[in-house]
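Shown here: query_31.cif, mmCIF, C-alpha atoms, pLDDT in the B column; chains and numbers go by the auth columns.
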data_entry
loop_
_atom_site.group_PDB
_atom_site.id
_atom_site.type_symbol
_atom_site.label_atom_id
_atom_site.label_comp_id
_atom_site.label_asym_id
_atom_site.label_seq_id
_atom_site.Cartn_x
_atom_site.Cartn_y
_atom_site.Cartn_z
_atom_site.B_iso_or_equiv
_atom_site.auth_seq_id
_atom_site.auth_asym_id
ATOM 1 C CA MET A 1 -23.599 10.277 2.255 36.00 20 X
ATOM 2 C CA LYS A 2 -21.702 9.920 5.468 37.00 21 X
ATOM 3 C CA ALA A 3 -19.495 12.850 6.321 36.00 22 X
ATOM 4 C CA VAL A 4 -15.818 12.940 7.034 36.00 23 X
ATOM 5 C CA ALA A 5 -16.793 12.198 10.640 32.00 24 X
ATOM 6 C CA ALA A 6 -16.634 8.502 9.724 36.00 25 X
ATOM 7 C CA LEU A 7 -12.863 8.880 9.630 40.00 26 X
ATOM 8 C CA VAL A 8 -10.695 8.941 12.710 35.00 27 X
ATOM 9 C CA PHE A 9 -7.411 10.794 12.539 36.00 28 X
ATOM 10 C CA LEU A 10 -4.553 8.532 13.646 32.00 29 X
ATOM 11 C CA SER A 11 -1.327 10.393 13.073 34.00 30 X
ATOM 12 C CA TRP A 12 0.100 13.517 11.613 35.00 31 X
ATOM 13 C CA VAL A 13 3.807 13.870 10.895 35.00 32 X
ATOM 14 C CA SER A 14 5.144 17.406 10.519 35.00 33 X
ATOM 15 C CA LEU A 15 8.177 18.298 8.447 35.00 34 X
ATOM 16 C CA SER A 16 9.559 21.660 7.301 36.00 35 X
ATOM 17 C CA VAL A 17 8.306 23.386 4.137 38.00 36 X
ATOM 18 C CA SER A 18 10.766 24.095 1.346 41.00 37 X
ATOM 19 C CA ALA A 19 10.706 26.979 -1.144 44.00 38 X
ATOM 20 C CA GLY A 20 9.608 25.297 -4.486 55.00 39 X
ATOM 21 C CA ALA A 21 6.942 23.061 -3.009 60.00 40 X
ATOM 22 C CA PRO A 22 3.308 24.152 -2.650 67.00 41 X
ATOM 23 C CA GLU A 23 2.235 25.189 0.849 85.00 42 X
ATOM 24 C CA ARG A 24 -0.375 22.422 0.947 90.00 43 X
ATOM 25 C CA VAL A 25 -1.955 19.679 -1.118 92.00 44 X
ATOM 26 C CA GLN A 26 -5.693 19.057 -1.208 95.00 45 X
ATOM 27 C CA PHE A 27 -6.884 15.433 -1.337 96.00 46 X
ATOM 28 C CA ILE A 28 -10.519 15.044 -2.435 95.00 47 X
ATOM 29 C CA ALA A 29 -11.774 11.468 -2.298 94.00 48 X
ATOM 30 C CA THR A 30 -14.750 9.165 -2.177 92.00 49 X
ATOM 31 C CA LEU A 31 -14.482 5.759 -0.525 92.00 50 X
ATOM 32 C CA GLN A 32 -17.101 3.067 -1.104 90.00 51 X
ATOM 33 C CA LEU A 33 -16.594 0.047 1.155 87.00 52 X
ATOM 34 C CA ASP A 34 -18.779 -2.889 0.111 86.00 53 X
ATOM 35 C CA ASP A 35 -22.463 -1.859 0.391 84.00 54 X
ATOM 36 C CA ALA A 36 -21.890 0.921 2.946 85.00 55 X
ATOM 37 C CA ALA A 37 -22.729 4.508 2.096 85.00 56 X
ATOM 38 C CA PRO A 38 -19.904 6.348 0.306 87.00 57 X
ATOM 39 C CA VAL A 39 -17.595 8.385 2.534 87.00 58 X
ATOM 40 C CA ALA A 40 -16.415 11.773 1.295 90.00 59 X
ATOM 41 C CA LEU A 41 -13.000 13.130 2.200 92.00 60 X
ATOM 42 C CA ASP A 42 -11.632 16.617 1.636 95.00 61 X
ATOM 43 C CA LEU A 43 -8.305 17.037 3.409 94.00 62 X
ATOM 44 C CA GLN A 44 -5.517 19.560 2.987 95.00 63 X
ATOM 45 C CA LEU A 45 -2.052 18.527 4.130 93.00 64 X
ATOM 46 C CA PRO A 46 0.842 20.974 4.420 93.00 65 X
ATOM 47 C CA SER A 47 3.848 20.346 2.209 89.00 66 X
ATOM 48 C CA LYS A 48 6.086 17.404 3.157 91.00 67 X
ATOM 49 C CA GLN A 49 3.556 15.918 5.571 93.00 68 X
ATOM 50 C CA SER A 50 1.615 12.681 5.775 93.00 69 X
ATOM 51 C CA ALA A 51 -1.534 11.463 7.482 94.00 70 X
ATOM 52 C CA LYS A 52 -3.031 8.088 8.328 96.00 71 X
ATOM 53 C CA LEU A 53 -6.801 7.898 8.497 95.00 72 X
ATOM 54 C CA ARG A 54 -8.598 4.929 10.067 94.00 73 X
ATOM 55 C CA LEU A 55 -11.792 4.105 8.173 90.00 74 X
ATOM 56 C CA SER A 56 -14.962 2.798 9.809 85.00 75 X
ATOM 57 C CA ASP A 57 -14.246 -0.801 8.701 86.00 76 X
ATOM 58 C CA GLY A 58 -10.779 -0.721 10.314 91.00 77 X
ATOM 59 C CA SER A 59 -8.817 -0.216 7.106 92.00 78 X
ATOM 60 C CA THR A 60 -6.361 2.683 6.797 95.00 79 X
ATOM 61 C CA LEU A 61 -5.912 5.350 4.151 96.00 80 X
ATOM 62 C CA GLU A 62 -2.404 6.825 4.059 96.00 81 X
ATOM 63 C CA LEU A 63 -1.731 10.118 2.300 96.00 82 X
ATOM 64 C CA ALA A 64 1.617 11.872 1.794 94.00 83 X
ATOM 65 C CA THR A 65 2.429 15.141 0.061 93.00 84 X
ATOM 66 C CA PRO A 66 5.400 15.558 -2.305 90.00 85 X
ATOM 67 C CA GLY A 67 8.751 15.856 -0.551 85.00 86 X
ATOM 68 C CA ASN A 68 7.708 13.607 2.330 84.00 87 X
ATOM 69 C CA SER A 69 10.164 10.838 3.160 85.00 88 X
ATOM 70 C CA ALA A 70 7.501 8.275 2.123 81.00 89 X
ATOM 71 C CA SER A 71 7.184 9.899 -1.324 80.00 90 X
ATOM 72 C CA PRO A 72 9.929 12.431 -2.136 81.00 91 X
ATOM 73 C CA GLU A 73 9.005 12.930 -5.811 82.00 92 X
ATOM 74 C CA GLY A 74 5.207 13.105 -5.635 87.00 93 X
ATOM 75 C CA ALA A 75 2.053 12.490 -3.637 92.00 94 X
ATOM 76 C CA LEU A 76 1.313 9.028 -2.261 94.00 95 X
ATOM 77 C CA ILE A 77 -2.072 7.371 -1.672 96.00 96 X
ATOM 78 C CA LYS A 78 -2.232 3.951 -0.020 97.00 97 X
ATOM 79 C CA LEU A 79 -5.172 1.811 1.093 97.00 98 X
ATOM 80 C CA ILE A 80 -4.384 -0.827 3.744 96.00 99 X
ATOM 81 C CA THR A 81 -6.597 -3.608 5.134 93.00 100 X
ATOM 82 C CA PRO A 82 -7.311 -3.865 8.878 93.00 101 X
ATOM 83 C CA SER A 83 -4.737 -6.693 9.023 95.00 102 X
ATOM 84 C CA GLY A 84 -2.020 -4.469 7.478 95.00 103 X
ATOM 85 C CA GLU A 85 -2.044 -5.804 3.903 96.00 104 X
ATOM 86 C CA VAL A 86 -1.577 -3.117 1.223 96.00 105 X
ATOM 87 C CA MET A 87 -4.619 -3.242 -1.055 95.00 106 X
ATOM 88 C CA HIS A 88 -3.533 -0.468 -3.424 96.00 107 X
ATOM 89 C CA THR A 89 -0.835 2.166 -3.785 96.00 108 X
ATOM 90 C CA ALA A 90 -0.918 5.164 -6.127 95.00 109 X
ATOM 91 C CA THR A 91 1.877 7.661 -6.685 93.00 110 X
ATOM 92 C CA ILE A 92 1.239 10.996 -8.356 90.00 111 X
ATOM 93 C CA PRO A 93 4.644 12.070 -9.739 89.00 112 X
ATOM 94 C CA ASP A 94 4.247 15.847 -9.503 84.00 113 X
ATOM 95 C CA SER A 95 6.420 17.723 -7.011 82.00 114 X
ATOM 96 C CA GLY A 96 4.293 20.875 -7.502 83.00 115 X
ATOM 97 C CA LEU A 97 0.942 19.130 -6.971 85.00 116 X
ATOM 98 C CA THR A 98 -1.655 21.317 -5.229 91.00 117 X
ATOM 99 C CA SER A 99 -4.804 19.167 -5.563 93.00 118 X
ATOM 100 C CA THR A 100 -5.829 15.653 -6.530 93.00 119 X
ATOM 101 C CA SER A 101 -9.047 13.668 -6.513 94.00 120 X
ATOM 102 C CA PHE A 102 -9.495 9.933 -6.343 95.00 121 X
ATOM 103 C CA ALA A 103 -12.008 7.253 -5.454 94.00 122 X
ATOM 104 C CA TYR A 104 -11.774 3.746 -4.075 94.00 123 X
ATOM 105 C CA GLN A 105 -14.490 1.143 -4.366 92.00 124 X
ATOM 106 C CA VAL A 106 -13.892 -2.049 -2.389 92.00 125 X
ATOM 107 C CA CYS A 107 -16.244 -4.965 -3.055 91.00 126 X
ATOM 108 C CA ALA A 108 -15.568 -8.315 -1.380 88.00 127 X
ATOM 109 C CA GLY A 109 -11.859 -7.524 -1.108 86.00 128 X
ATOM 110 C CA GLU A 110 -11.497 -6.386 -4.734 92.00 129 X
ATOM 111 C CA VAL A 111 -10.257 -2.795 -5.094 93.00 130 X
ATOM 112 C CA THR A 112 -11.091 -0.352 -7.868 93.00 131 X
ATOM 113 C CA TYR A 113 -9.096 2.907 -7.900 94.00 132 X
ATOM 114 C CA MET A 114 -10.240 5.877 -9.992 93.00 133 X
ATOM 115 C CA SER A 115 -8.420 9.151 -10.539 91.00 134 X
ATOM 116 C CA PRO A 116 -9.748 11.694 -11.057 89.00 135 X
ATOM 117 C CA ALA A 117 -12.698 10.751 -8.909 86.00 136 X
ATOM 118 C CA PRO A 118 -16.035 10.470 -10.699 82.00 137 X
ATOM 119 C CA ALA A 119 -18.915 12.637 -9.521 75.00 138 X
ATOM 120 C CA ILE A 120 -21.153 10.748 -7.085 64.00 139 X
ATOM 121 C CA GLU A 121 -24.748 11.737 -6.475 56.00 140 X
ATOM 122 C CA PRO A 122 -25.558 11.802 -2.733 50.00 141 X
ATOM 123 C CA ALA A 123 -28.585 9.509 -3.188 50.00 142 X
ATOM 124 C CA SER A 124 -26.759 6.962 -5.321 53.00 143 X
ATOM 125 C CA ARG A 125 -24.849 4.043 -3.937 53.00 144 X
ATOM 126 C CA ALA A 126 -22.916 1.475 -5.921 57.00 145 X
ATOM 127 C CA ARG A 127 -23.755 -2.138 -5.200 65.00 146 X
ATOM 128 C CA CYS A 128 -21.125 -4.842 -4.977 72.00 147 X
#

Before we go any further, please render this structure as structure tokens.
Amino acid sequence: MKAVAALVFLSWVSLSVSAGAPERVQFIATLQLDDAAPVALDLQLPSKQSAKLRLSDGSTLELATPGNSASPEGALIKLITPSGEVMHTATIPDSGLTSTSFAYQVCAGEVTYMSPAPAIEPASRARC
């Protein structure tokens, strides 16, 4: 399985932390893009922050913690094509969220979102 090194950090927006929100939110994910090896992601974002991650195929994964201007009431997960088209958006309506897991499988432009993420064996690879 390819490591998180397949992701390139694009931006990081910092906002202040408020008293009822968790200090950080952990995003644990697996991304399967067509027949490529699955990519594992384990990222912790401080409260009220967001990140955009460029994937190896040029698509973007956007994550936002609760209280962020993009998602004030919960966490936000968004998968965007290289051309800027939103493929999928998920909102987790929990202002006290500390951890979430999810998986995306993209086969020939069709997106499957799973949450919580299923366990993936390192040697296994889904075929489109």

Evaluate the PyMOL selection byres ((chain X and resi 118-120) around 8) here and jot the selected residues down as a PDB file with C-alpha atoms, keeping the file's coordinate frame.
ATOM      1  CA  VAL X  44      -1.955  19.679  -1.118  1.00 92.00           C
ATOM      2  CA  GLN X  45      -5.693  19.057  -1.208  1.00 95.00           C
ATOM      3  CA  PHE X  46      -6.884  15.433  -1.337  1.00 96.00           C
ATOM      4  CA  ILE X  47     -10.519  15.044  -2.435  1.00 95.00           C
ATOM      5  CA  ALA X  48     -11.774  11.468  -2.298  1.00 94.00           C
ATOM      6  CA  LEU X 116       0.942  19.130  -6.971  1.00 85.00           C
ATOM      7  CA  THR X 117      -1.655  21.317  -5.229  1.00 91.00           C
ATOM      8  CA  PHE X 121      -9.495   9.933  -6.343  1.00 95.00           C
ATOM      9  CA  ALA X 122     -12.008   7.253  -5.454  1.00 94.00           C
ATOM     10  CA  SER X 134      -8.420   9.151 -10.539  1.00 91.00           C
ATOM     11  CA  PRO X 135      -9.748  11.694 -11.057  1.00 89.00           C
ATOM     12  CA  ALA X 136     -12.698  10.751  -8.909  1.00 86.00           C
TER      13      ALA X 136
END

Convert the output of the PyMOL selection byres ((chain X and resi 100) around 10) on the shown file into explicit residues, formatted as a VMD selection string. chain X and resid 74 76 to 80 98 to 99 101 to 107 128

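The coordinates place atom CA of Val125 of chain X at 27.6 Å from atom CA of Glu92 of chain X.
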
Exercise: Glu42 of chain X partners within 10 Å, all atoms listed in the file, chain neighbours under 5 positions left out, as a PyMOL selection string: chain X and resi 36-37+63-67+115-117

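Rounded to one decimal, atom CA of Ala89 of chain X and atom CA of Tyr132 of chain X lie 20.1 Å from each other.
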
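Taking atom CA of Ala59 of chain X and atom CA of Gln124 of chain X as endpoints, the distance between them is 12.2 Å.
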
Mind telling me what the PyMOL selection byres ((chain X and resi 83) around 12) catches here, as a PyMOL selection string? chain X and resi 30-34+43-46+62-72+80-82+84-97+108-112+114+116+119
